[in-house]
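Enquirer: Below is the file upload.csv, with CSV, N, CA and C atoms.
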chain,number,residue,atom,x,y,z
A,235,ASP,N,18.6,-63.9,18.3
A,235,ASP,CA,19.3,-65.1,18.8
A,235,ASP,C,20.6,-65.4,18.1
A,236,ALA,N,21.0,-64.5,17.2
A,236,ALA,CA,22.3,-64.7,16.4
A,236,ALA,C,23.5,-64.5,17.4
A,237,SER,N,24.5,-65.2,17.1
A,237,SER,CA,25.8,-65.0,17.8
A,237,SER,C,26.4,-63.7,17.5
A,238,ARG,N,27.4,-63.3,18.3
A,238,ARG,CA,28.1,-62.0,18.0
A,238,ARG,C,28.8,-62.1,16.7
A,239,LEU,N,29.4,-63.2,16.3
A,239,LEU,CA,30.1,-63.4,15.0
A,239,LEU,C,29.1,-63.2,13.9
A,240,ASP,N,27.9,-63.8,14.0
A,240,ASP,CA,26.9,-63.7,13.0
A,240,ASP,C,26.4,-62.3,12.8
A,241,GLN,N,26.4,-61.6,13.9
A,241,GLN,CA,25.9,-60.2,13.9
A,241,GLN,C,27.0,-59.3,13.2
A,242,LEU,N,28.2,-59.5,13.5
A,242,LEU,CA,29.3,-58.7,13.0
A,242,LEU,C,29.8,-59.1,11.6
A,243,GLY,N,29.6,-60.3,11.2
A,243,GLY,CA,30.1,-60.9,10.0
A,243,GLY,C,29.8,-60.0,8.8
A,244,PRO,N,28.5,-59.7,8.5
A,244,PRO,CA,28.2,-58.9,7.3
A,244,PRO,C,28.9,-57.5,7.2
A,245,GLY,N,29.1,-56.9,8.4
A,245,GLY,CA,29.8,-55.6,8.4
A,245,GLY,C,31.3,-55.7,8.2
A,246,LEU,N,31.9,-56.8,8.5
A,246,LEU,CA,33.3,-57.0,8.4
A,246,LEU,C,33.7,-57.6,7.1
A,247,GLY,N,32.8,-58.1,6.3
A,247,GLY,CA,33.0,-58.7,5.0
A,247,GLY,C,33.8,-57.8,4.0
A,248,ASN,N,33.5,-56.5,4.1
A,248,ASN,CA,34.2,-55.6,3.1
A,248,ASN,C,35.5,-55.0,3.6
A,249,ILE,N,35.9,-55.4,4.8
A,249,ILE,CA,37.1,-54.8,5.4
A,249,ILE,C,38.3,-55.1,4.5
A,250,THR,N,38.3,-56.2,3.7
A,250,THR,CA,39.5,-56.5,2.9
A,250,THR,C,39.7,-55.5,1.8
A,251,ASN,N,38.7,-54.8,1.4
A,251,ASN,CA,38.8,-53.8,0.3
A,251,ASN,C,39.7,-52.6,0.7
A,252,ALA,N,39.7,-52.2,2.0
A,252,ALA,CA,40.5,-51.1,2.4
A,252,ALA,C,41.7,-51.4,3.3
A,253,CYS,N,41.7,-52.6,3.8
A,253,CYS,CA,42.7,-53.0,4.8
A,253,CYS,C,44.1,-52.8,4.4
A,254,VAL,N,44.5,-53.1,3.1
A,254,VAL,CA,45.8,-52.9,2.6
A,254,VAL,C,46.2,-51.4,2.7
A,255,PHE,N,45.3,-50.5,2.4
A,255,PHE,CA,45.6,-49.1,2.3
A,255,PHE,C,45.7,-48.5,3.8
A,256,ASN,N,45.0,-49.1,4.7
A,256,ASN,CA,45.1,-48.8,6.1
A,256,ASN,C,46.5,-49.1,6.6
A,257,VAL,N,47.1,-50.2,6.1
A,257,VAL,CA,48.4,-50.6,6.5
A,257,VAL,C,49.5,-49.8,5.8
A,258,THR,N,49.4,-49.6,4.5
A,258,THR,CA,50.4,-48.8,3.7
A,258,THR,C,50.3,-47.3,3.9
A,259,GLY,N,49.1,-46.8,4.3
A,259,GLY,CA,49.0,-45.4,4.4
A,259,GLY,C,48.7,-44.6,3.2
A,260,HIS,N,48.4,-45.3,2.1
A,260,HIS,CA,48.0,-44.7,0.8
A,260,HIS,C,46.7,-44.0,1.0
A,261,PRO,N,46.5,-42.8,0.5
A,261,PRO,CA,45.2,-42.1,0.5
A,261,PRO,C,44.2,-42.8,-0.4
A,262,SER,N,43.0,-43.1,0.1
A,262,SER,CA,42.0,-43.7,-0.7
A,262,SER,C,40.7,-43.1,-0.4
A,263,ILE,N,39.8,-43.2,-1.4
A,263,ILE,CA,38.4,-42.7,-1.3
A,263,ILE,C,37.5,-43.6,-2.0
A,264,SER,N,36.3,-43.7,-1.4
A,264,SER,CA,35.2,-44.5,-2.1
A,264,SER,C,34.2,-43.5,-2.7
A,265,VAL,N,33.9,-43.7,-4.0
A,265,VAL,CA,33.0,-42.8,-4.7
A,265,VAL,C,31.8,-43.6,-5.1
A,266,PRO,N,30.6,-43.2,-4.9
A,266,PRO,CA,29.4,-43.9,-5.4
A,266,PRO,C,29.5,-44.0,-6.9
A,267,CYS,N,29.2,-45.2,-7.4
A,267,CYS,CA,29.4,-45.4,-8.9
A,267,CYS,C,28.3,-46.2,-9.5
A,268,GLY,N,27.3,-46.6,-8.8
A,268,GLY,CA,26.2,-47.3,-9.3
A,268,GLY,C,25.3,-47.9,-8.3
A,269,MET,N,24.3,-48.6,-8.7
A,269,MET,CA,23.3,-49.3,-7.8
A,269,MET,C,23.2,-50.7,-8.1
A,270,ALA,N,23.0,-51.5,-7.1
A,270,ALA,CA,22.7,-53.0,-7.3
A,270,ALA,C,21.7,-53.4,-6.2
A,271,ASP,N,20.6,-53.9,-6.7
A,271,ASP,CA,19.5,-54.3,-5.7
A,271,ASP,C,19.1,-53.1,-4.9
A,272,ARG,N,19.0,-51.9,-5.4
A,272,ARG,CA,18.6,-50.7,-4.8
A,272,ARG,C,19.6,-50.2,-3.7
A,273,LEU,N,20.8,-50.7,-3.7
A,273,LEU,CA,21.9,-50.3,-2.8
A,273,LEU,C,23.0,-49.7,-3.6
A,274,PRO,N,23.7,-48.7,-3.0
A,274,PRO,CA,24.8,-48.0,-3.7
A,274,PRO,C,26.0,-48.9,-3.7
A,275,LEU,N,26.7,-48.8,-4.9
A,275,LEU,CA,28.0,-49.4,-5.0
A,275,LEU,C,29.1,-48.3,-5.0
A,276,GLY,N,30.3,-48.7,-4.4
A,276,GLY,CA,31.3,-47.7,-4.4
A,276,GLY,C,32.5,-48.1,-5.2
A,277,MET,N,33.2,-47.1,-5.8
A,277,MET,CA,34.4,-47.3,-6.5
A,277,MET,C,35.6,-46.8,-5.7
A,278,MET,N,36.5,-47.7,-5.4
A,278,MET,CA,37.7,-47.3,-4.5
A,278,MET,C,38.8,-46.7,-5.4
A,279,LEU,N,39.2,-45.5,-5.1
A,279,LEU,CA,40.3,-44.8,-5.8
A,279,LEU,C,41.4,-44.7,-4.8
A,280,THR,N,42.6,-45.0,-5.2
A,280,THR,CA,43.8,-44.9,-4.3
A,280,THR,C,44.9,-44.1,-5.0
A,281,GLY,N,45.5,-43.3,-4.3
A,281,GLY,CA,46.5,-42.4,-4.9
A,281,GLY,C,47.9,-42.6,-4.3
A,282,ARG,N,48.8,-41.7,-4.7
A,282,ARG,CA,50.1,-41.7,-4.2
A,282,ARG,C,50.2,-41.1,-2.8
A,283,TYR,N,51.2,-41.4,-2.1
A,283,TYR,CA,51.4,-40.7,-0.8
A,283,TYR,C,51.3,-39.2,-0.9
A,284,TRP,N,50.6,-38.6,0.0
A,284,TRP,CA,50.6,-37.1,0.1
A,284,TRP,C,49.9,-36.5,-1.2
A,285,ASP,N,49.1,-37.2,-1.9
A,285,ASP,CA,48.5,-36.7,-3.1
A,285,ASP,C,47.0,-36.8,-3.1
A,286,GLU,N,46.4,-36.4,-1.9
A,286,GLU,CA,44.9,-36.5,-1.8
A,286,GLU,C,44.2,-35.6,-2.7
A,287,SER,N,44.8,-34.5,-3.1
A,287,SER,CA,44.2,-33.5,-4.0
A,287,SER,C,43.8,-34.2,-5.4
A,288,THR,N,44.6,-35.1,-5.8
A,288,THR,CA,44.3,-35.8,-7.1
A,288,THR,C,43.1,-36.7,-6.9
A,289,LEU,N,43.0,-37.3,-5.8
A,289,LEU,CA,41.8,-38.1,-5.5
A,289,LEU,C,40.6,-37.3,-5.4
A,290,TYR,N,40.6,-36.1,-4.8
A,290,TYR,CA,39.5,-35.2,-4.7
A,290,TYR,C,39.1,-34.8,-6.1
A,291,ARG,N,40.0,-34.5,-7.0
A,291,ARG,CA,39.7,-34.0,-8.3
A,291,ARG,C,39.1,-35.2,-9.2
A,292,ALA,N,39.7,-36.4,-9.1
A,292,ALA,CA,39.2,-37.5,-9.8
A,292,ALA,C,37.8,-37.9,-9.3
A,293,SER,N,37.5,-37.8,-8.0
A,293,SER,CA,36.2,-38.1,-7.5
A,293,SER,C,35.2,-37.1,-8.0
A,294,ASP,N,35.5,-35.9,-7.9
A,294,ASP,CA,34.6,-34.8,-8.4
A,294,ASP,C,34.4,-34.9,-9.9
A,295,ALA,N,35.4,-35.2,-10.6
A,295,ALA,CA,35.2,-35.4,-12.1
A,295,ALA,C,34.2,-36.5,-12.4
A,296,PHE,N,34.4,-37.6,-11.7
A,296,PHE,CA,33.4,-38.8,-11.9
A,296,PHE,C,32.0,-38.4,-11.5
A,297,GLU,N,31.9,-37.8,-10.4
A,297,GLU,CA,30.5,-37.4,-9.9
A,297,GLU,C,29.9,-36.4,-10.8
A,298,GLN,N,30.7,-35.5,-11.4
A,298,GLN,CA,30.1,-34.5,-12.3
A,298,GLN,C,29.7,-35.1,-13.7
A,299,ALA,N,30.5,-36.1,-14.1
A,299,ALA,CA,30.3,-36.7,-15.4
A,299,ALA,C,29.2,-37.8,-15.5
A,300,PHE,N,28.9,-38.4,-14.3
A,300,PHE,CA,27.9,-39.5,-14.3
A,300,PHE,C,26.8,-39.3,-13.3
A,301,ASP,N,25.6,-39.7,-13.6
A,301,ASP,CA,24.6,-39.8,-12.5
A,301,ASP,C,24.6,-41.2,-12.0
A,302,TRP,N,25.4,-41.4,-10.9
A,302,TRP,CA,25.7,-42.8,-10.4
A,302,TRP,C,24.4,-43.5,-10.0
A,303,GLN,N,23.4,-42.8,-9.7
A,303,GLN,CA,22.1,-43.5,-9.3
A,303,GLN,C,21.4,-44.2,-10.5
A,304,LYS,N,21.8,-43.8,-11.7
A,304,LYS,CA,21.2,-44.4,-12.9
A,304,LYS,C,22.2,-45.3,-13.6
A,305,LEU,N,23.4,-45.5,-13.1
A,305,LEU,CA,24.4,-46.4,-13.7
A,305,LEU,C,24.0,-47.9,-13.3
Can the structure in the file be given as structure tokens, please?

Expert:
Amino acid sequence: DASRLDQLGPGLGNITNACVFNVTGHPSISVPCGMADRLPLGMMLTGRYWDESTLYRASDAFEQAFDWQKL
């Protein structure tokens, strides 16, 4: 019986995290970095224009160094 806004609201609540990078075109990636209430948390990394490879290396380094499910 929920309205369309009530149905879409929870999914759109996090759009502000990435919206600025969608506008500027900066490469960004979300990396799992922990758990809260049995749900995964993400860490947003943003890089310089045309430097996605640095984001991939940083993401991989974090994932190799930490067991994010236990953080």

Enquirer: Would you mind listing what lies within 12 Å of segment 288-303 of chain A as a list in words, with only C-alpha atoms counted and same-chain residues fewer than 3 positions away left out?

Expert: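 Once the nearby chain positions are removed, what remains is His260, Pro261, Ser262, Ile263, Ser264, Val265, Pro266, Cys267, Gly268, Met269, Ala270, Asp271, Arg272, Leu273, Pro274, Leu275, Gly276, Met277, Met278, Leu279, Thr280, Gly281, Arg282, Tyr283, Trp284 and Asp285 of chain A.
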
Enquirer: Please return as a PyMOL selection string: the residues of chain A that backbone DSSP assigns to strand (DSSP E or B).

Expert: chain A and resi 262-270+273-280

Enquirer: Identify all residues of chain A in helix (DSSP H, G or I) (DSSP on the backbone) and supply them as a PyMOL selection string.

Expert: chain A and resi 238-246+249-258+286-299+302-304

Enquirer: Dump N, CA and C atoms for the selected residues as an mmCIF file, in the coordinates of the input?

Expert:
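Resulting contents of again04.cif:
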data_model
loop_
_atom_site.group_PDB
_atom_site.id
_atom_site.type_symbol
_atom_site.label_atom_id
_atom_site.label_comp_id
_atom_site.auth_asym_id
_atom_site.auth_seq_id
_atom_site.Cartn_x
_atom_site.Cartn_y
_atom_site.Cartn_z
ATOM 1 N N ARG A 238 27.400 -63.300 18.300
ATOM 2 C CA ARG A 238 28.100 -62.000 18.000
ATOM 3 C C ARG A 238 28.800 -62.100 16.700
ATOM 4 N N LEU A 239 29.400 -63.200 16.300
ATOM 5 C CA LEU A 239 30.100 -63.400 15.000
ATOM 6 C C LEU A 239 29.100 -63.200 13.900
ATOM 7 N N ASP A 240 27.900 -63.800 14.000
ATOM 8 C CA ASP A 240 26.900 -63.700 13.000
ATOM 9 C C ASP A 240 26.400 -62.300 12.800
ATOM 10 N N GLN A 241 26.400 -61.600 13.900
ATOM 11 C CA GLN A 241 25.900 -60.200 13.900
ATOM 12 C C GLN A 241 27.000 -59.300 13.200
ATOM 13 N N LEU A 242 28.200 -59.500 13.500
ATOM 14 C CA LEU A 242 29.300 -58.700 13.000
ATOM 15 C C LEU A 242 29.800 -59.100 11.600
ATOM 16 N N GLY A 243 29.600 -60.300 11.200
ATOM 17 C CA GLY A 243 30.100 -60.900 10.000
ATOM 18 C C GLY A 243 29.800 -60.000 8.800
ATOM 19 N N PRO A 244 28.500 -59.700 8.500
ATOM 20 C CA PRO A 244 28.200 -58.900 7.300
ATOM 21 C C PRO A 244 28.900 -57.500 7.200
ATOM 22 N N GLY A 245 29.100 -56.900 8.400
ATOM 23 C CA GLY A 245 29.800 -55.600 8.400
ATOM 24 C C GLY A 245 31.300 -55.700 8.200
ATOM 25 N N LEU A 246 31.900 -56.800 8.500
ATOM 26 C CA LEU A 246 33.300 -57.000 8.400
ATOM 27 C C LEU A 246 33.700 -57.600 7.100
ATOM 28 N N ILE A 249 35.900 -55.400 4.800
ATOM 29 C CA ILE A 249 37.100 -54.800 5.400
ATOM 30 C C ILE A 249 38.300 -55.100 4.500
ATOM 31 N N THR A 250 38.300 -56.200 3.700
ATOM 32 C CA THR A 250 39.500 -56.500 2.900
ATOM 33 C C THR A 250 39.700 -55.500 1.800
ATOM 34 N N ASN A 251 38.700 -54.800 1.400
ATOM 35 C CA ASN A 251 38.800 -53.800 0.300
ATOM 36 C C ASN A 251 39.700 -52.600 0.700
ATOM 37 N N ALA A 252 39.700 -52.200 2.000
ATOM 38 C CA ALA A 252 40.500 -51.100 2.400
ATOM 39 C C ALA A 252 41.700 -51.400 3.300
ATOM 40 N N CYS A 253 41.700 -52.600 3.800
ATOM 41 C CA CYS A 253 42.700 -53.000 4.800
ATOM 42 C C CYS A 253 44.100 -52.800 4.400
ATOM 43 N N VAL A 254 44.500 -53.100 3.100
ATOM 44 C CA VAL A 254 45.800 -52.900 2.600
ATOM 45 C C VAL A 254 46.200 -51.400 2.700
ATOM 46 N N PHE A 255 45.300 -50.500 2.400
ATOM 47 C CA PHE A 255 45.600 -49.100 2.300
ATOM 48 C C PHE A 255 45.700 -48.500 3.800
ATOM 49 N N ASN A 256 45.000 -49.100 4.700
ATOM 50 C CA ASN A 256 45.100 -48.800 6.100
ATOM 51 C C ASN A 256 46.500 -49.100 6.600
ATOM 52 N N VAL A 257 47.100 -50.200 6.100
ATOM 53 C CA VAL A 257 48.400 -50.600 6.500
ATOM 54 C C VAL A 257 49.500 -49.800 5.800
ATOM 55 N N THR A 258 49.400 -49.600 4.500
ATOM 56 C CA THR A 258 50.400 -48.800 3.700
ATOM 57 C C THR A 258 50.300 -47.300 3.900
ATOM 58 N N GLU A 286 46.400 -36.400 -1.900
ATOM 59 C CA GLU A 286 44.900 -36.500 -1.800
ATOM 60 C C GLU A 286 44.200 -35.600 -2.700
ATOM 61 N N SER A 287 44.800 -34.500 -3.100
ATOM 62 C CA SER A 287 44.200 -33.500 -4.000
ATOM 63 C C SER A 287 43.800 -34.200 -5.400
ATOM 64 N N THR A 288 44.600 -35.100 -5.800
ATOM 65 C CA THR A 288 44.300 -35.800 -7.100
ATOM 66 C C THR A 288 43.100 -36.700 -6.900
ATOM 67 N N LEU A 289 43.000 -37.300 -5.800
ATOM 68 C CA LEU A 289 41.800 -38.100 -5.500
ATOM 69 C C LEU A 289 40.600 -37.300 -5.400
ATOM 70 N N TYR A 290 40.600 -36.100 -4.800
ATOM 71 C CA TYR A 290 39.500 -35.200 -4.700
ATOM 72 C C TYR A 290 39.100 -34.800 -6.100
ATOM 73 N N ARG A 291 40.000 -34.500 -7.000
ATOM 74 C CA ARG A 291 39.700 -34.000 -8.300
ATOM 75 C C ARG A 291 39.100 -35.200 -9.200
ATOM 76 N N ALA A 292 39.700 -36.400 -9.100
ATOM 77 C CA ALA A 292 39.200 -37.500 -9.800
ATOM 78 C C ALA A 292 37.800 -37.900 -9.300
ATOM 79 N N SER A 293 37.500 -37.800 -8.000
ATOM 80 C CA SER A 293 36.200 -38.100 -7.500
ATOM 81 C C SER A 293 35.200 -37.100 -8.000
ATOM 82 N N ASP A 294 35.500 -35.900 -7.900
ATOM 83 C CA ASP A 294 34.600 -34.800 -8.400
ATOM 84 C C ASP A 294 34.400 -34.900 -9.900
ATOM 85 N N ALA A 295 35.400 -35.200 -10.600
ATOM 86 C CA ALA A 295 35.200 -35.400 -12.100
ATOM 87 C C ALA A 295 34.200 -36.500 -12.400
ATOM 88 N N PHE A 296 34.400 -37.600 -11.700
ATOM 89 C CA PHE A 296 33.400 -38.800 -11.900
ATOM 90 C C PHE A 296 32.000 -38.400 -11.500
ATOM 91 N N GLU A 297 31.900 -37.800 -10.400
ATOM 92 C CA GLU A 297 30.500 -37.400 -9.900
ATOM 93 C C GLU A 297 29.900 -36.400 -10.800
ATOM 94 N N GLN A 298 30.700 -35.500 -11.400
ATOM 95 C CA GLN A 298 30.100 -34.500 -12.300
ATOM 96 C C GLN A 298 29.700 -35.100 -13.700
ATOM 97 N N ALA A 299 30.500 -36.100 -14.100
ATOM 98 C CA ALA A 299 30.300 -36.700 -15.400
ATOM 99 C C ALA A 299 29.200 -37.800 -15.500
ATOM 100 N N TRP A 302 25.400 -41.400 -10.900
ATOM 101 C CA TRP A 302 25.700 -42.800 -10.400
ATOM 102 C C TRP A 302 24.400 -43.500 -10.000
ATOM 103 N N GLN A 303 23.400 -42.800 -9.700
ATOM 104 C CA GLN A 303 22.100 -43.500 -9.300
ATOM 105 C C GLN A 303 21.400 -44.200 -10.500
ATOM 106 N N LYS A 304 21.800 -43.800 -11.700
ATOM 107 C CA LYS A 304 21.200 -44.400 -12.900
ATOM 108 C C LYS A 304 22.200 -45.300 -13.600
#

Enquirer: Please, what distance in Å, to one decimal, runs between atom CA of Phe255 of chain A and atom CA of Arg238 of chain A?

Expert: 26.8 Å

Enquirer: Enter the distance from atom CA of Gln241 of chain A to atom C of Asn256 of chain A, in Å, rounded to one decimal.

Expert: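 A separation of 24.5 Å between them.
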
Enquirer: Kindly give the distance, in Å, that separates atom C of Ser287 of chain A and atom CA of Cys253 of chain A, rounded to a single decimal.

Expert: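 It comes out at 21.4 Å.
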